[in-house]
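> Sharing entry.cif below, mmCIF, C-alpha atoms:
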```
data_query
loop_
_atom_site.label_atom_id
_atom_site.label_comp_id
_atom_site.auth_asym_id
_atom_site.auth_seq_id
_atom_site.Cartn_x
_atom_site.Cartn_y
_atom_site.Cartn_z
CA MET X 1 -17.01 -58.82 61.74
CA ASN X 2 -14.14 -57.30 63.65
CA GLN X 3 -13.93 -53.86 62.02
CA LEU X 4 -10.46 -53.30 63.47
CA ARG X 5 -9.16 -55.16 60.45
CA SER X 6 -10.13 -52.14 58.36
CA ILE X 7 -7.86 -49.76 60.28
CA PRO X 8 -5.18 -48.73 57.78
CA GLU X 9 -1.52 -49.29 58.49
CA TYR X 10 0.07 -45.86 58.20
CA LYS X 11 3.66 -46.97 57.93
CA ASN X 12 5.07 -50.44 57.50
CA ASN X 13 8.56 -49.24 58.31
CA ILE X 14 8.64 -47.15 61.48
CA SER X 15 11.98 -45.38 61.69
CA ARG X 16 14.14 -45.35 64.80
CA LEU X 17 15.73 -42.02 65.61
CA ALA X 18 18.82 -41.52 67.76
CA ILE X 19 18.36 -38.39 69.87
CA LYS X 20 20.60 -36.35 72.15
CA LEU X 21 19.33 -33.45 74.25
CA ASN X 22 20.70 -30.37 75.93
CA SER X 23 21.23 -30.45 79.70
CA ASN X 24 17.72 -29.18 80.50
CA GLY X 25 16.05 -31.74 78.24
CA GLU X 26 18.23 -34.53 79.57
CA ARG X 27 17.44 -33.61 83.16
CA SER X 28 13.72 -33.56 82.35
CA VAL X 29 13.83 -37.07 80.87
CA LEU X 30 15.88 -38.40 83.79
CA GLN X 31 13.26 -36.96 86.16
CA GLY X 32 10.54 -38.87 84.33
CA HIS X 33 8.80 -35.98 82.55
CA PRO X 34 6.80 -37.11 79.48
CA TRP X 35 7.56 -34.12 77.23
CA VAL X 36 10.68 -33.23 75.24
CA PHE X 37 10.46 -29.86 73.52
CA GLU X 38 11.87 -29.19 70.07
CA ASN X 39 14.44 -26.71 71.39
CA SER X 40 15.88 -29.36 73.74
CA ILE X 41 17.07 -31.55 70.86
CA VAL X 42 20.74 -30.92 69.99
CA LYS X 43 21.44 -33.99 67.84
CA GLN X 44 19.24 -36.22 65.68
CA ASN X 45 20.57 -38.80 63.24
CA LYS X 46 17.91 -38.23 60.53
CA GLU X 47 14.65 -36.49 59.74
CA GLY X 48 11.71 -37.92 61.61
CA GLU X 49 8.03 -38.45 60.88
CA SER X 50 5.21 -38.55 63.40
CA GLY X 51 5.11 -41.95 65.05
CA ASP X 52 8.80 -42.72 64.64
CA ILE X 53 10.48 -44.25 67.69
CA CYS X 54 12.99 -41.98 69.42
CA ILE X 55 15.83 -43.48 71.41
CA VAL X 56 17.18 -40.82 73.76
CA PHE X 57 20.87 -41.17 74.60
CA ARG X 58 22.72 -39.48 77.44
CA LYS X 59 25.46 -37.22 76.06
CA ARG X 60 27.98 -38.17 78.71
CA ASP X 61 28.23 -41.90 78.07
CA ASP X 62 25.76 -42.70 75.25
CA SER X 63 23.58 -44.79 77.57
CA VAL X 64 19.86 -45.00 76.76
CA ILE X 65 17.77 -42.88 79.14
CA GLY X 66 14.36 -43.15 77.51
CA ILE X 67 12.17 -44.08 74.54
CA GLY X 68 9.50 -41.89 72.98
CA LEU X 69 7.51 -41.16 69.84
CA TYR X 70 8.42 -38.37 67.43
CA ASP X 71 5.74 -35.71 66.82
CA ALA X 72 6.67 -33.69 63.75
CA ASP X 73 3.78 -31.23 64.16
CA SER X 74 4.19 -30.23 67.79
CA PRO X 75 6.66 -28.09 69.74
CA ILE X 76 6.57 -31.04 72.18
CA ARG X 77 8.65 -32.94 69.66
CA ILE X 78 9.03 -36.20 71.59
CA LYS X 79 6.28 -37.78 73.68
CA MET X 80 7.97 -40.16 76.12
CA LEU X 81 6.72 -43.74 76.52
CA HIS X 82 9.47 -45.18 78.70
CA HIS X 83 12.06 -43.74 81.06
CA GLY X 84 15.23 -45.71 81.70
CA GLY X 85 17.24 -48.19 79.65
CA SER X 86 16.40 -49.91 76.37
CA GLN X 87 12.82 -51.04 75.89
CA LYS X 88 11.15 -52.68 72.89
CA ILE X 89 8.02 -50.78 71.84
CA ASP X 90 5.62 -53.45 70.63
CA ALA X 91 2.22 -55.03 71.31
CA VAL X 92 3.44 -56.55 74.58
CA PHE X 93 4.70 -53.16 75.79
CA PHE X 94 1.36 -51.47 75.07
CA SER X 95 -0.79 -54.28 76.52
CA THR X 96 1.32 -54.30 79.71
CA SER X 97 0.88 -50.53 80.08
CA ILE X 98 -2.89 -50.87 79.58
CA GLU X 99 -3.09 -53.67 82.17
CA LYS X 100 -1.27 -51.45 84.69
CA ALA X 101 -3.72 -48.63 84.01
CA PHE X 102 -6.72 -50.94 84.39
CA LYS X 103 -5.49 -52.19 87.78
CA LYS X 104 -5.41 -48.60 89.07
CA ARG X 105 -9.17 -48.38 88.38
CA GLN X 106 -10.18 -51.50 90.31
CA SER X 107 -11.39 -49.74 93.46
CA LEU X 108 -13.69 -47.51 91.38
CA LEU X 109 -15.07 -50.45 89.40
CA LYS X 110 -16.10 -52.16 92.64
CA THR X 111 -18.67 -49.38 93.12
CA ASN X 112 -21.96 -49.13 91.21
CA THR X 113 -20.17 -47.41 88.33
CA ASN X 114 -19.65 -48.54 84.73
CA SER X 115 -18.11 -45.37 83.30
CA TYR X 116 -14.44 -44.59 83.80
CA ARG X 117 -11.27 -43.25 82.20
CA LEU X 118 -9.14 -46.24 81.31
CA ILE X 119 -6.24 -44.26 79.81
CA PHE X 120 -5.41 -40.75 81.05
CA GLY X 121 -2.85 -39.66 78.46
CA GLU X 122 0.67 -38.98 79.74
CA ASN X 123 -0.32 -39.98 83.27
CA ASP X 124 -0.78 -43.58 82.12
CA GLY X 125 2.10 -43.57 79.63
CA PHE X 126 0.07 -42.67 76.52
CA PRO X 127 0.79 -38.99 75.72
CA GLY X 128 -2.01 -37.48 73.65
CA LEU X 129 -4.37 -40.45 73.97
CA ILE X 130 -7.50 -40.70 76.12
CA ALA X 131 -9.71 -43.79 76.48
CA ASP X 132 -13.05 -43.50 78.28
CA VAL X 133 -15.50 -46.33 78.88
CA TYR X 134 -19.26 -45.70 78.96
CA ALA X 135 -20.95 -49.02 79.79
CA GLU X 136 -20.22 -51.22 76.72
CA VAL X 137 -18.82 -48.38 74.59
CA LEU X 138 -15.16 -47.31 74.53
CA VAL X 139 -14.35 -43.83 73.24
CA VAL X 140 -10.73 -43.25 72.22
CA LYS X 141 -9.72 -39.64 71.65
CA LEU X 142 -6.46 -38.79 69.94
CA TYR X 143 -4.63 -35.47 70.23
CA SER X 144 -1.58 -36.46 68.17
CA GLU X 145 -1.03 -38.43 64.98
CA ILE X 146 1.89 -40.26 66.63
CA TRP X 147 -0.67 -42.95 67.54
CA PHE X 148 -1.95 -43.75 64.05
CA PRO X 149 0.68 -46.45 63.32
CA TYR X 150 -0.04 -48.18 66.65
CA LEU X 151 -3.80 -47.74 66.84
CA ARG X 152 -4.82 -51.26 65.88
CA THR X 153 -2.50 -52.82 68.45
CA ILE X 154 -3.57 -50.46 71.25
CA ILE X 155 -7.30 -50.79 70.59
CA ASP X 156 -7.04 -54.58 70.47
CA SER X 157 -5.61 -54.48 74.00
CA LEU X 158 -8.16 -51.93 75.21
CA ILE X 159 -11.03 -54.12 73.96
CA THR X 160 -9.56 -57.23 75.56
CA ILE X 161 -9.17 -55.68 78.99
CA SER X 162 -12.34 -53.54 79.12
CA LYS X 163 -14.58 -56.12 77.38
CA VAL X 164 -16.44 -53.39 75.49
CA GLU X 165 -18.63 -54.16 72.48
CA THR X 166 -18.11 -50.93 70.54
CA VAL X 167 -15.23 -48.51 69.95
CA VAL X 168 -15.67 -44.91 68.78
CA LEU X 169 -12.73 -42.80 67.61
CA ARG X 170 -12.71 -39.09 68.40
CA LEU X 171 -10.10 -36.71 66.98
CA SER X 172 -8.90 -33.35 68.30
CA ARG X 173 -9.54 -30.33 66.06
CA ASN X 174 -6.01 -30.31 64.66
CA LEU X 175 -6.24 -34.01 63.74
CA GLN X 176 -9.58 -33.46 62.04
CA GLN X 177 -7.68 -31.25 59.59
CA SER X 178 -4.97 -33.85 58.95
CA ASN X 179 -4.83 -36.03 55.84
CA SER X 180 -5.57 -39.27 57.64
CA ASP X 181 -8.05 -41.98 56.73
CA PHE X 182 -9.81 -41.48 60.07
CA PHE X 183 -12.61 -39.09 60.94
CA ASP X 184 -14.06 -37.77 64.18
CA GLY X 185 -16.89 -39.94 65.48
CA GLN X 186 -15.84 -42.99 63.46
CA VAL X 187 -17.09 -46.34 64.79
CA ILE X 188 -14.02 -48.55 64.38
CA TYR X 189 -15.23 -51.66 66.18
CA GLY X 190 -18.66 -53.21 66.70
CA GLU X 191 -21.90 -51.30 66.17
CA LEU X 192 -23.22 -48.13 67.79
CA LYS X 193 -26.99 -48.43 68.07
CA ASN X 194 -27.42 -44.91 69.39
CA ASP X 195 -25.10 -41.88 69.54
CA VAL X 196 -26.38 -41.33 73.10
CA VAL X 197 -25.06 -43.98 75.48
CA GLU X 198 -26.52 -44.51 78.95
CA PHE X 199 -24.21 -45.32 81.85
CA VAL X 200 -24.13 -45.42 85.66
CA GLU X 201 -22.08 -43.30 88.07
CA HIS X 202 -22.30 -44.36 91.73
CA GLY X 203 -25.82 -45.63 91.12
CA ILE X 204 -26.97 -42.46 89.32
CA HIS X 205 -28.00 -42.80 85.66
CA PHE X 206 -26.57 -40.53 82.96
CA SER X 207 -26.18 -40.39 79.21
CA ALA X 208 -23.45 -39.10 76.91
CA ASN X 209 -23.38 -38.35 73.21
CA VAL X 210 -20.19 -40.17 72.27
CA ILE X 211 -20.19 -38.83 68.70
CA LYS X 212 -20.87 -35.11 69.17
CA GLY X 213 -20.42 -34.45 72.91
CA HIS X 214 -17.49 -32.46 74.34
CA LYS X 215 -14.22 -34.40 74.67
CA THR X 216 -15.40 -38.04 74.69
CA GLY X 217 -19.00 -37.16 75.51
CA TYR X 218 -18.86 -36.38 79.22
CA PHE X 219 -16.53 -35.18 81.99
CA LEU X 220 -15.60 -38.07 84.26
CA ASP X 221 -12.97 -36.31 86.39
CA HIS X 222 -15.49 -34.74 88.83
CA ARG X 223 -17.28 -38.01 89.55
CA ASP X 224 -16.42 -38.19 93.24
CA ASN X 225 -17.19 -34.51 93.77
CA ARG X 226 -20.59 -35.02 92.14
CA ARG X 227 -21.28 -37.96 94.45
CA ARG X 228 -20.29 -35.91 97.48
CA VAL X 229 -22.35 -32.86 96.47
CA GLY X 230 -25.33 -35.15 95.88
CA GLU X 231 -25.08 -36.59 99.37
CA LEU X 232 -24.89 -33.07 100.84
CA SER X 233 -27.94 -31.85 98.92
CA LYS X 234 -30.78 -33.89 100.44
CA GLY X 235 -33.76 -31.63 101.14
CA LYS X 236 -31.87 -28.52 99.99
CA THR X 237 -31.95 -25.95 97.19
CA VAL X 238 -29.02 -26.23 94.77
CA LEU X 239 -27.54 -23.98 92.08
CA ASP X 240 -25.28 -25.73 89.55
CA VAL X 241 -23.36 -23.09 87.55
CA PHE X 242 -21.70 -24.08 84.25
CA SER X 243 -23.78 -27.24 84.63
CA TYR X 244 -23.21 -28.63 81.11
CA ALA X 245 -25.13 -31.95 81.05
CA GLY X 246 -26.10 -31.62 84.70
CA GLY X 247 -23.54 -33.76 86.49
CA PHE X 248 -23.85 -32.08 89.89
CA SER X 249 -27.54 -31.32 89.33
CA ILE X 250 -28.55 -34.93 88.68
CA HIS X 251 -26.69 -36.26 91.71
CA ALA X 252 -28.45 -33.63 93.83
CA LEU X 253 -31.88 -34.49 92.39
CA ALA X 254 -31.32 -38.23 92.78
CA ASN X 255 -30.41 -37.59 96.43
CA GLN X 256 -33.77 -35.83 96.84
CA ALA X 257 -32.76 -32.19 96.78
CA LYS X 258 -35.81 -29.94 97.15
CA GLU X 259 -35.01 -27.77 94.13
CA VAL X 260 -32.12 -27.77 91.65
CA THR X 261 -31.31 -25.02 89.16
CA SER X 262 -28.94 -25.83 86.28
CA LEU X 263 -27.31 -22.79 84.68
CA ASP X 264 -25.41 -22.97 81.39
CA ILE X 265 -24.90 -20.89 78.27
CA SER X 266 -25.82 -23.87 76.08
CA LYS X 267 -29.53 -24.60 75.65
CA GLN X 268 -28.63 -27.96 74.13
CA ALA X 269 -26.53 -28.93 77.17
CA LEU X 270 -29.40 -28.02 79.50
CA GLU X 271 -31.80 -30.16 77.45
CA ILE X 272 -29.40 -33.08 78.01
CA ALA X 273 -29.34 -32.23 81.73
CA VAL X 274 -33.13 -32.42 81.91
CA THR X 275 -33.10 -35.73 80.00
CA ASN X 276 -30.40 -37.11 82.33
CA GLY X 277 -32.50 -36.12 85.33
CA LYS X 278 -35.43 -38.12 84.02
CA LEU X 279 -33.30 -41.26 83.93
CA ASN X 280 -33.52 -41.22 87.75
CA ASN X 281 -36.26 -41.09 90.36
CA TYR X 282 -36.55 -37.72 92.09
CA SER X 283 -39.24 -35.62 93.72
CA GLY X 284 -37.70 -32.13 93.66
CA LYS X 285 -38.04 -29.43 91.01
CA HIS X 286 -35.45 -29.13 88.23
CA LYS X 287 -35.17 -25.62 86.82
CA THR X 288 -32.87 -24.41 84.05
CA ILE X 289 -31.41 -21.01 83.19
CA VAL X 290 -29.87 -20.41 79.76
CA GLY X 291 -27.31 -17.62 79.63
CA ASP X 292 -23.88 -16.26 80.48
CA ALA X 293 -23.01 -17.41 83.99
CA PHE X 294 -21.62 -14.07 85.22
CA HIS X 295 -24.65 -12.16 83.94
CA GLU X 296 -27.25 -14.65 85.18
CA MET X 297 -25.65 -14.98 88.63
CA THR X 298 -25.70 -11.19 88.98
CA LYS X 299 -29.40 -11.17 88.05
CA LEU X 300 -30.12 -13.82 90.68
CA ILE X 301 -28.28 -11.77 93.32
CA ASP X 302 -30.20 -8.64 92.36
CA SER X 303 -33.44 -10.57 92.78
CA GLY X 304 -32.41 -11.62 96.30
CA LYS X 305 -32.16 -15.31 95.47
CA THR X 306 -29.94 -17.62 97.56
CA TYR X 307 -29.33 -21.38 97.61
CA ASP X 308 -28.31 -23.90 100.26
CA VAL X 309 -25.68 -25.39 97.95
CA VAL X 310 -23.91 -23.49 95.15
CA VAL X 311 -21.55 -25.32 92.78
CA ILE X 312 -19.42 -23.32 90.32
CA ASP X 313 -17.41 -25.47 87.91
CA PRO X 314 -16.32 -23.30 84.96
CA PRO X 315 -14.45 -24.36 81.81
CA SER X 316 -10.72 -23.70 81.61
CA PHE X 317 -10.02 -19.96 81.68
CA ALA X 318 -6.27 -20.25 81.02
CA LYS X 319 -5.44 -22.42 78.05
CA GLN X 320 -2.23 -20.46 77.47
CA GLN X 321 0.27 -18.57 79.61
CA SER X 322 -0.98 -15.15 78.53
CA GLU X 323 -4.45 -15.85 79.97
CA ILE X 324 -3.39 -16.59 83.56
CA GLN X 325 -4.01 -13.11 85.02
CA LEU X 326 -7.43 -12.82 83.35
CA ALA X 327 -8.31 -16.29 84.61
CA LYS X 328 -7.46 -15.29 88.18
CA LYS X 329 -9.75 -12.26 87.86
CA LYS X 330 -12.57 -14.50 86.66
CA TYR X 331 -12.08 -16.94 89.54
CA THR X 332 -12.14 -14.00 91.94
CA GLN X 333 -15.36 -12.74 90.41
CA LEU X 334 -17.00 -16.17 90.53
CA ALA X 335 -16.08 -16.64 94.19
CA ARG X 336 -17.66 -13.26 95.01
CA LEU X 337 -20.83 -14.06 93.10
CA GLY X 338 -20.99 -17.53 94.62
CA GLU X 339 -20.66 -16.19 98.16
CA LYS X 340 -23.55 -13.80 97.61
CA LEU X 341 -25.74 -16.60 96.26
CA THR X 342 -25.00 -19.00 99.12
CA ALA X 343 -27.61 -18.97 101.88
CA LYS X 344 -26.87 -18.74 105.60
CA LYS X 345 -25.12 -21.90 106.77
CA GLY X 346 -24.92 -22.90 103.11
CA LEU X 347 -22.21 -24.69 101.15
CA LEU X 348 -20.20 -23.12 98.32
CA VAL X 349 -18.24 -25.47 96.05
CA LEU X 350 -15.65 -23.80 93.78
CA ALA X 351 -13.72 -25.71 91.11
CA SER X 352 -11.06 -25.04 88.49
CA CYS X 353 -9.88 -27.18 85.58
CA SER X 354 -7.24 -24.70 84.38
CA SER X 355 -3.93 -26.56 84.52
CA ARG X 356 -1.98 -23.27 84.38
CA ILE X 357 -3.62 -22.09 87.60
CA LEU X 358 -1.85 -23.94 90.40
CA ALA X 359 -3.97 -25.42 93.19
CA ASP X 360 -2.37 -23.22 95.88
CA SER X 361 -3.09 -20.12 93.81
CA PHE X 362 -6.72 -21.10 93.20
CA PHE X 363 -7.41 -21.92 96.85
CA ASP X 364 -5.69 -18.70 97.92
CA ILE X 365 -7.99 -16.66 95.65
CA ASN X 366 -11.06 -18.31 97.20
CA GLN X 367 -9.74 -17.78 100.74
CA GLN X 368 -9.10 -14.08 100.16
CA VAL X 369 -12.50 -13.45 98.60
CA LEU X 370 -14.42 -15.27 101.31
CA LYS X 371 -12.46 -13.55 104.10
CA ALA X 372 -13.25 -10.18 102.53
CA SER X 373 -16.98 -11.04 102.61
CA LYS X 374 -16.86 -10.82 106.47
CA ARG X 375 -18.87 -14.04 106.70
CA SER X 376 -17.56 -16.78 108.99
CA PHE X 377 -16.75 -19.93 107.05
CA LYS X 378 -14.71 -23.08 107.26
CA VAL X 379 -12.91 -25.04 104.58
CA VAL X 380 -14.57 -28.44 104.64
CA LEU X 381 -12.48 -30.16 101.96
CA LYS X 382 -10.06 -29.69 99.07
CA THR X 383 -10.09 -32.34 96.35
CA GLN X 384 -8.49 -33.24 93.03
CA HIS X 385 -9.34 -35.73 90.27
CA ASP X 386 -11.17 -38.98 90.85
CA THR X 387 -9.13 -42.18 91.07
CA ASP X 388 -9.37 -42.95 87.33
CA HIS X 389 -7.40 -39.75 86.67
CA PRO X 390 -4.06 -40.57 88.36
CA ILE X 391 -1.42 -37.85 88.29
CA GLY X 392 1.90 -38.85 86.79
CA PHE X 393 3.55 -35.45 86.25
CA PRO X 394 2.99 -31.87 87.50
CA GLU X 395 1.09 -30.58 84.45
CA GLY X 396 -1.29 -33.53 84.71
CA ALA X 397 -2.82 -32.11 87.91
CA TYR X 398 -5.36 -29.70 86.49
CA LEU X 399 -8.50 -30.22 88.59
CA LYS X 400 -8.98 -28.70 92.04
CA CYS X 401 -12.15 -28.23 94.05
CA GLY X 402 -12.81 -26.48 97.36
CA TYR X 403 -15.80 -26.93 99.70
CA TYR X 404 -16.61 -23.85 101.83
CA GLU X 405 -19.26 -24.00 104.55
CA PHE X 406 -20.64 -20.72 105.86
CA LEU X 407 -21.28 -20.62 109.58
CA GLN X 408 -23.75 -17.77 109.35
#
```
So, in terms of structure tokens, how does the structure I just supplied come out?

Amino acid sequence: MNQLRSIPEYKNNISRLAIKLNSNGERSVLQGHPWVFENSIVKQNKEGESGDICIVFRKRDDSVIGIGLYDADSPIRIKMLHHGGSQKIDAVFFSTSIEKAFKKRQSLLKTNTNSYRLIFGENDGFPGLIADVYAEVLVVKLYSEIWFPYLRTIIDSLITISKVETVVLRLSRNLQQSNSDFFDGQVIYGELKNDVVEFVEHGIHFSANVIKGHKTGYFLDHRDNRRRVGELSKGKTVLDVFSYAGGFSIHALANQAKEVTSLDISKQALEIAVTNGKLNNYSGKHKTIVGDAFHEMTKLIDSGKTYDVVVIDPPSFAKQQSEIQLAKKKYTQLARLGEKLTAKKGLLVLASCSSRILADSFFDINQQVLKASKRSFKVVLKTQHDTDHPIGFPEGAYLKCGYYEFLQ
């Protein structure tokens, strides 16, 4: 039975709000930005509830400049769905947006890959909504309750276009505390035979726990970097720092690296990494180190250990403005540790997923640290997200990755 029929309707009567903004807010909407902050609203015809449709009017001539959804619980009070003149927000609108997103993923889906991000939040016109496909399982993660009234319609379209057999709903921490009829890890369509779902990424086999894993179960944004690191690791020794479930490690092993060491603070994550490795054929050794990355890297340096390839992909260090300076210090420290652990003529790969640290700033930190090391090196490549993570606005560009090859 199609379990989508059991999704509750949150509101039969979705209100329409007439909104006018101050000059900064108006300019932001006209420039296509997906966020309208609470302090930008200067006129609103009535009280709104999350999920209400906001029609944004230009002050000068009362023309419609955009349509969004009202979020009563967020300082980002309006999440924009459409920029420009009047637009009906209905099933056709959502299905058309999903079809556009799917078309952007076509080049990726022509590779030996059956895991991809179908909806990348604001960047695909769905602020606060992520949809990831793992083989036949779709995981939808919500970060705002604005989507509850539209969930049935959106998921119907997602199922139709992705042809998945199962849909799992994941909720952000704040939504888990809300008084909704949904819960995190809820199977809302089809059956989930196992919480751990196997999938393929450029011919390499992985698994993700779609019920309890981070985010939707896995991190898809680094896919192309993992492929590239794997290809560069044949016959080499590799250190994968902040390895989580072993994304870089498994690609390296599957490409016949001689020895791969996965380092992470989570014993459970490393157990998943080992399991993921065994889904593939490899001949090299797979070692694991459980512990704080900074501490364990220092210990490895003190022991004189070096690796042909070192990958350092930490979690976000700057989730708020006040953490930016500390984050920069941590990136500096990691670059220094990474340089010391990289063997002669080795490759150091440094990544950041902190959206508040701009790419230029991150790459500049790496450049300064490596220059100070007095070792000759060249910048091989600078990359961003994979193709299923298109960038639609400045804040959407969070991932950056630099490849540094030492010449001595």
> Build an axis-aligned box that encloses every atom of stretch 99-107 of chain X listed in the file, pad it by 3 Å on each side, and report its centre and edge lengths in Å to one decimal, as JSON.

```
{"center_x": -6.3, "center_y": -51.0, "center_z": 87.8, "size_x": 16.1, "size_y": 11.3, "size_z": 17.3}
```
> At what distance in Å, to one decimal, does atom CA of X:Leu158 lie from atom CA of X:Ser97?
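Atom CA of X:Leu158 lies 10.4 Å from atom CA of X:Ser97.
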> Please write the residues picked by the PyMOL selection byres ((chain X and resi 400) around 10) on this file as a list in words.
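On this input, the PyMOL selection byres ((chain X and resi 400) around 10) captures His222, Asp313, Leu350, Ala351, Ser352, Cys353, Ser354, Ser355, Ile357, Leu358, Ala359, Asp360, Phe362, Phe363, Lys382, Thr383, Gln384, His385, Ala397, Tyr398, Leu399, Cys401 and Gly402 of chain X.
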> As a check of understanding, name the residues that the PyMOL selection byres ((chain X and resi 240) around 8) selects in the supplied structure, as a ChimeraX atom specification.
/X:238-239,241-243,246,248-249,260-263,310-312
> Separation of atom CA of X:Lys345 and atom CA of X:Ile289, in Å?
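Separation between atom CA of X:Lys345 and atom CA of X:Ile289: 24.4 Å.
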> Could you list, as a PyMOL selection string, every residue within 12 Å of X:Gln106, counting only C-alpha atoms and ignoring same-chain residues fewer than 5 positions away?
chain X and resi 99-101+111+113-114+116-118+162+387-388
> Report as an NGL selection string all protein, DNA and RNA residues lying within 6 Å of X:Lys236, evaluated on all atoms listed in the file, omitting residues in the same chain fewer than 4 positions from it.
:X and (257-258 or 308)
> Restricting the calculation to only C-alpha atoms, which member of X:Tyr189, X:Trp35, X:Phe57, X:Tyr282 is positioned closest to X:Arg77?
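Among X:Tyr189, X:Trp35, X:Phe57, X:Tyr282, it is X:Trp35 that comes nearest to X:Arg77.
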> If we count only C-alpha atoms, what is near X:Asp71 at a cut-off of 10 Å, once residues fewer than 5 positions away on the same chain are taken out, given as a list in words?
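With the cut-off at 10 Å, the set is Glu38, Gly48, Glu49, Ser50, Gly51, Asp52, Ile53, Cys54, Ile76, Arg77, Ile78, Lys79, Ser144, Glu145, Ile146 and Trp147 of chain X.
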> With all atoms listed in the file as the counted atoms, please give the residues lying no more than 7 Å from X:Met80, apart from itself and same-chain residues fewer than 6 positions off, as a list of chain:residue names.
X:Pro34, X:Trp35, X:Ile67, X:Gly68, X:Leu69
